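Asks: Provided herewith is a single structure, encoded as C-alpha cells, for subsequent inquiry.
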Amino acid sequence: MFSIISWVSLGLVLTAIALHWLASPLRLSKPRVSDAGSGVWWGFGGETNCNLAKFNRLACVVALGSLAVLFVTGFGGRLLFGEAIHGYTLMAHVGIAPVFVISAGAVVVGWGYRCRLNGEDRQRLANLLRLKVANPNDTSDLGWKLTFWLAMLLVLPVSLSMILGMFQFFGTHGQEFLLAIHQYTALALVLVVLIHIHLLFRRCCA
C-alpha cells in the first residue's frame, strides 16, 4: 500500500509541476532582488558574498543533498524492488540522517526570518481560507513561504519517529506505528520540498 501511495503522490506532484510550467511558461531573467532590497534571493543582509550568506547557502545544499540520499536509500528499494531497507543501504540511511537534521536546523536559523509571514501574507492566507478570489500575483510569495515552514515542521515527526523507535519500551506494535509515521511523513516532506523548490525557482526567476 505504501509503495502505491508513494508512486501515485509523486506522480501527481511531478505532473502538476510539469503542467504548471506548460500552462504558465517562465521567461528566465536575472535573479530577483528581495523586497527589502537586500540583494539577490540567496544573499543575506545585503551581502551576497559574506561568510554568513555562504554558510546559509551551504546549509541549503547540504540539507537538499542529504535529503536526496535519504530518499534514494529509504524509498529506492521499496519502490523499485518491493524490499525493505537493509544492509549497507540502511547503514548509509542512518549515517546521513543526523547530517540532514543538523543542516535543516541551520536552514531554519538562516532563512526563517526571510520566510516569515508578514501582515500582508497573513491577510492573503485568510482570504484564501475564506475562498475569496485572489490575484495570483498577490499570493506569489505565500506559496513558497508556507511550503518552507511546512517542510521544517515535517522534519520533526520524521526525526522523532525514528529516534523514539530505537527504544524498546514502545513494543512491537508501537515500533510498527512509529515506522509508519516515519514513512508517510518522510514522503510528505519530499513532496513539500519538491513543491517549495518549484515555487521558489519560479518566484526568483520571474
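Please note that chains go A, B, ... in the order of the C-alpha cells, that every chain numbers its residues from 1, and that ligands are numbered from 1 in the order shown.
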Excluding same-chain residues fewer than 2 positions from Gln183 in chain A, what lies within 9 Å of it counting only C-alpha atoms, as a list in words?

Replies: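 The residues satisfying every condition are Phe2, Gly74, Phe75, Val158, Leu178, Leu179, Ala180, Ile181, Thr185, Ala186, Leu187 and Ala188 of chain A.
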
Asks: Using only C-alpha atoms, which residues sit within 8 Å of Val99 in chain A once same-chain residues fewer than 6 positions away are excluded, as a count of residues only?

Replies: 3

Asks: Near Leu79 in chain A, counting only C-alpha atoms, which residues have an atom at most 8 Å away, once you skip same-chain residues fewer than 5 positions from it, shown as a PDB file with N, CA and C atoms, in the first residue's frame?

Replies:
```pdb
ATOM      1  N   SER A   3       3.868   1.653  -1.144  1.00  0.00           N
ATOM      2  CA  SER A   3       4.505   1.841  -2.446  1.00  0.00           C
ATOM      3  C   SER A   3       3.538   2.471  -3.439  1.00  0.00           C
ATOM      4  N   SER A   6       3.029   6.079  -2.586  1.00  0.00           N
ATOM      5  CA  SER A   6       4.227   6.849  -2.929  1.00  0.00           C
ATOM      6  C   SER A   6       4.283   7.135  -4.425  1.00  0.00           C
ATOM      7  N   TRP A   7       4.081   6.095  -5.244  1.00  0.00           N
ATOM      8  CA  TRP A   7       4.119   6.291  -6.693  1.00  0.00           C
ATOM      9  C   TRP A   7       3.044   7.267  -7.151  1.00  0.00           C
TER      10      TRP A   7
END
```

Asks: Suppose you want the space between CA of Val193 in chain A and CA of Leu117 in chain A; what is it in Å?

Replies: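 Between these atoms lies a distance of 18.2 Å.
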
Asks: Please list as a list in words every residue within 12 Å of range 14-21 of chain A, counting only C-alpha atoms and excluding residues in the same chain fewer than 6 positions away.

Replies: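 The residues satisfying every condition are Trp7, Val8, Arg27, Val190, Leu191, Val192, Val193, Leu194, Ile195, His196, Ile197, His198, Leu199, Phe201 and Arg202 of chain A.
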
Asks: Counting only C-alpha atoms, figure out which residue out of A:Leu164, A:Leu153, A:Leu52, A:Leu70 gets nearest to Pro98 in chain A.

Replies: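 Of the candidates, the smallest distance to Pro98 in chain A is held by A:Leu70.
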
Asks: Under the rule that only C-alpha atoms are counted, which of A:Ile85, A:Ile102, A:Leu146, A:Cys60 is the nearest residue to Arg116 in chain A?

Replies: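 Of all the options, A:Leu146 lies closest to Arg116 in chain A.
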
Asks: What residues in range 4-202 of chain A get the DSSP label strand (DSSP E or B)? Please answer as a PyMOL selection string.

Replies: chain A and resi 33+40+44+47

Asks: Would you compute the distance between CA of Lys145 in chain A and CA of Gly11 in chain A? Give it in Å to one decimal.

Replies: 23.3 Å

Asks: Of the candidates A:Gln168, A:Thr73, A:Asn118, A:Ser103, which shows the shortest atom-to-atom distance to Leu90 in chain A, using only C-alpha atoms?

Replies: A:Thr73

Asks: Work out how far CA of Ala84 in chain A is from CA of His182 in chain A, in Å to one decimal.

Replies: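 These two atoms are separated by 13.5 Å.
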